[in-house]
Amino acid sequence: MATQHSRSAARLMMAPAVVLLLGWMLIPLTMTLYFSFKKYLPLRGGDLGWVGFENYVRFVTSSAFWPSVMTTLIIVGGVLAITVLFGILLAILLNQPMWGQGVVRILVIAPFFVMPTVSALVWKNMFMDPNYGLLAHLWEFFGAEPVQWLSQASLTSIVMIVSWQWLPFATLILLTAIQSLDSEQLEAAEMDGAPATKRFAYITLPHLGRAITVVILIQTIFLLSIFAEIFVTTGGAFGTKTLTYLIYQRVLESQNVGLGSAGGVYAIILANIVAIFLMRIVGKNLDA
Amino acid sequence: MARAVTQQRKIINTAAAWAVGLLIFFPILWTILTSFKTEAQAIADPPIFLGFDWTLENYSAVMERSNYGRFLWNSVIIAGGSTILGIIIAIPAAWSMAFVPSKRTKDILLWMLSTKMLPAVGVLYPIYLLFIQLGILDTKVGLVIVLMLINLPIIVWMLYTYFKEIPGEILEAARMDGASLKDEVLYVLTPMAIPGIASTLLLNVILAWNEAFWTLNLTAAKAAPLTAFIASYSSPEGLFYAKLSAASTMAIAPILILGWFSQKQLVSGLTFGAVK
């Protein structure tokens, strides 16, 4: 149907977006690759020549590397486990008949709209402060010793804060998926005498499979690069240095751009592995 | 009998859901309440929930001390500017992909998404360096450009999804009546797409408003938006809970309100149509 004329017009209309994104992707990426093969210290002599793969080797052999990988895995894994598990439970709960469903939905979604620096600072000071925080009061009320959240249980604290931010996202998506479930199927199973646990395991859960996968993939991409939550709470201290934070420190704090860039390339590869799986799911949906 | 049981279940559901909902919302509620306390009441032991003397002094203190207005203005310009610019660039692209699709359309869409997956920290230094050389470090222009590029894939994607739902016959009819391509986009497509464009606008303003990697790393004194304004409270100075709360409330209130309107679009927008 489309004529040759409209085809070339279409290409022209797509051009600005494509060219901009191509530039946004290729220019910084090429520069990162370039720096990663150089000894480059902007404040201490600048460009000190090519060093081959030395930065790549040094980045993974530095004593901070493996702990940062572990920290990243714990934060991403912990937040995923909490948000998916509670997200499913909440979605099921919110899907039940009740009064004021709309209002409850709004209450549950709200944390997603709070900017990361605000939620991190509010949690850090007003909830997790060992002297004045609400959690300290709660612990004292039950006669327990208040926890030094961000120094002694630093990773747990970060996981709690980030989970609070992302639980709404998981809940909302899973709720949307549950609402598209054919209720006749569930009713038929109920009439046939299937107990609630079996109805959940054999009908609801398989139906949610795809939504759960999407939640996991999208959250992983965002969680791999959380920054503000660590920046304003611990500043990377007390074992909360993630891979992202380690690279940030190498580049901007110690101004070792070559080393940081090599780390950046690792981060890009890692994110791409996750992205490939996400793309497959999204791509499949495009055909439909 | 059966009716009584469902009624009873409904009561239990309602109670459970409200309890969980209020628990999740509580940190926000507590922040808002604390912002109206005096600093002494904010750290009172045991904590005071509602029985305090409501005051607005924290709000005036925050406004005076840190020039809140300038940060707010920066946030508005950066979030609004990047989104509007993104939409202007994305409308023609989404239009052509939705109505003149080719074999490559799907690949282009997926490729655009893949740029969104690029971890920011991986390209931090190059962007930093480019910003210095272009003289746009710590300027609103610089942040508008970066946030526009970050959100452009989502904007294109959302608009594409909305445009696809518009029947192509209407456009053909307009074409037969002699409408040029420009007329077609401007006077036929755009009015029909206004609801879609509005929700795209809403969601992306929220995302840009809350963005906290580039806004923290590419600004200093001049162009810092509210994310950086709040981050400046990370090193406490004396009693500051009530002021922190007032500042936080002011930073999140506008977006919380916008967000509640956009919750429907949130799902398809953020999952790139994979969950509807």
# chains A, B, ... in the order shown; residues from 1 in each chain; ligands from 1

call {"tool": "residues_around", "arguments": {"residues": "Phe49 in chain B", "least_positions_apart": "2", "cutoff": "12 Å", "atoms": "only C-alpha atoms", "output": "list in words"}}
result
Leu134 of chain A; Phe26, Leu29, Trp30, Thr31, Ile32, Leu33, Thr34, Phe36, Lys37, Gln41, Ala42, Ile43, Ala44, Asp45, Pro46, Pro47, Gly51, Phe52, Asp53 and Trp54 of chain B

call {"tool": "select_by_dssp", "arguments": {"residues": "range 37-248 of chain A", "states": "helix (DSSP H, G or I)", "output": "ChimeraX atom specification"}}
result
/A:54-61,65-94,101-113,116-127,134-141,149-152,154-179,183-191,196-224,228-231,243-248

call {"tool": "residues_around", "arguments": {"residues": "range 57-63 of chain A", "least_positions_apart": "6", "cutoff": "8 Å", "atoms": "only C-alpha atoms", "output": "PyMOL selection string"}}
result
chain A and resi 259-260+262-263

call {"tool": "residues_around", "arguments": {"residues": "range 7-20 of chain A", "least_positions_apart": "5", "cutoff": "9 Å", "atoms": "only C-alpha atoms", "output": "ChimeraX atom specification"}}
result
/A:2,25 /B:86,89-97,99-102,108,112,149,152-153,156,181

call {"tool": "closest_residue", "arguments": {"among": "A:Lys124, A:Pro130, A:Ala188, A:Thr171", "to": "Arg105 in chain A", "atoms": "only C-alpha atoms"}}
result
A:Thr171

call {"tool": "residues_around", "arguments": {"residues": "Ala198 in chain B", "least_positions_apart": "2", "cutoff": "12 Å", "atoms": "only C-alpha atoms", "output": "list in words"}}
result
Thr83, Ile84, Ile87, Ile155, Met158, Leu159, Tyr162, Thr190, Pro191, Met192, Ala193, Ile194, Pro195, Gly196, Thr200, Leu201, Leu202, Leu203, Asn204, Val205, Leu258, Phe261, Ser262 and Gln265 of chain B

call {"tool": "residues_around", "arguments": {"residues": "range 86-96 of chain A", "least_positions_apart": "2", "cutoff": "6 Å", "atoms": "only C-alpha atoms", "output": "VMD selection string"}}
result
chain A and resid 82 to 84 170 to 171 174 to 175

call {"tool": "write_last_selection", "arguments": {"atoms": "N, CA, C and O atoms", "output": "mmCIF file, in the first residue's frame"}}
result
data_model
loop_
_atom_site.group_PDB
_atom_site.id
_atom_site.type_symbol
_atom_site.label_atom_id
_atom_site.label_comp_id
_atom_site.auth_asym_id
_atom_site.auth_seq_id
_atom_site.Cartn_x
_atom_site.Cartn_y
_atom_site.Cartn_z
ATOM 1 N N ILE A 82 12.476 -10.416 47.306
ATOM 2 C CA ILE A 82 11.461 -9.755 48.133
ATOM 3 C C ILE A 82 10.332 -9.181 47.264
ATOM 4 O O ILE A 82 9.152 -9.397 47.532
ATOM 5 N N THR A 83 10.717 -8.447 46.209
ATOM 6 C CA THR A 83 9.678 -7.775 45.433
ATOM 7 C C THR A 83 8.810 -8.770 44.672
ATOM 8 O O THR A 83 7.598 -8.577 44.576
ATOM 9 N N VAL A 84 9.400 -9.845 44.143
ATOM 10 C CA VAL A 84 8.590 -10.804 43.390
ATOM 11 C C VAL A 84 7.664 -11.570 44.330
ATOM 12 O O VAL A 84 6.459 -11.683 44.096
ATOM 13 N N ALA A 170 6.612 -4.120 40.918
ATOM 14 C CA ALA A 170 6.329 -5.550 40.765
ATOM 15 C C ALA A 170 4.846 -5.824 41.002
ATOM 16 O O ALA A 170 4.194 -6.538 40.226
ATOM 17 N N THR A 171 4.296 -5.233 42.054
ATOM 18 C CA THR A 171 2.886 -5.460 42.377
ATOM 19 C C THR A 171 1.973 -5.017 41.244
ATOM 20 O O THR A 171 1.068 -5.746 40.838
ATOM 21 N N LEU A 174 2.251 -7.376 38.223
ATOM 22 C CA LEU A 174 1.664 -8.685 38.497
ATOM 23 C C LEU A 174 0.145 -8.570 38.654
ATOM 24 O O LEU A 174 -0.595 -9.455 38.223
ATOM 25 N N LEU A 175 -0.304 -7.463 39.233
ATOM 26 C CA LEU A 175 -1.750 -7.256 39.367
ATOM 27 C C LEU A 175 -2.402 -7.148 37.988
ATOM 28 O O LEU A 175 -3.453 -7.737 37.734
#

call {"tool": "residues_around", "arguments": {"residues": "Ile230 in chain A", "least_positions_apart": "6", "cutoff": "9 Å", "atoms": "only C-alpha atoms", "output": "PDB file with C-alpha atoms, in the first residue's frame"}}
result
ATOM      1  CA  ALA A 120      17.130   6.842  50.842  1.00  0.00           C
ATOM      2  CA  ILE A 158      19.991  -1.081  51.406  1.00  0.00           C
ATOM      3  CA  GLY A 236      29.982   2.838  49.505  1.00  0.00           C
ATOM      4  CA  ALA A 237      31.269   2.161  53.033  1.00  0.00           C
ATOM      5  CA  THR A 240      27.886  -1.628  50.229  1.00  0.00           C
ATOM      6  CA  LYS A 241      30.159  -0.930  47.282  1.00  0.00           C
ATOM      7  CA  THR A 242      28.416  -2.358  44.232  1.00  0.00           C
ATOM      8  CA  TYR A 245      29.682   2.283  42.733  1.00  0.00           C
TER       9      TYR A 245
END

call {"tool": "atom_distance", "arguments": {"atom1": "CA of Met250 in chain B", "atom2": "CA of Glu39 in chain B"}}
result
17.3 Å

call {"tool": "closest_residue", "arguments": {"among": "B:Tyr125, B:Met117, B:Phe213, B:Ala247", "to": "Pro42 in chain A", "atoms": "only C-alpha atoms"}}
result
B:Tyr125
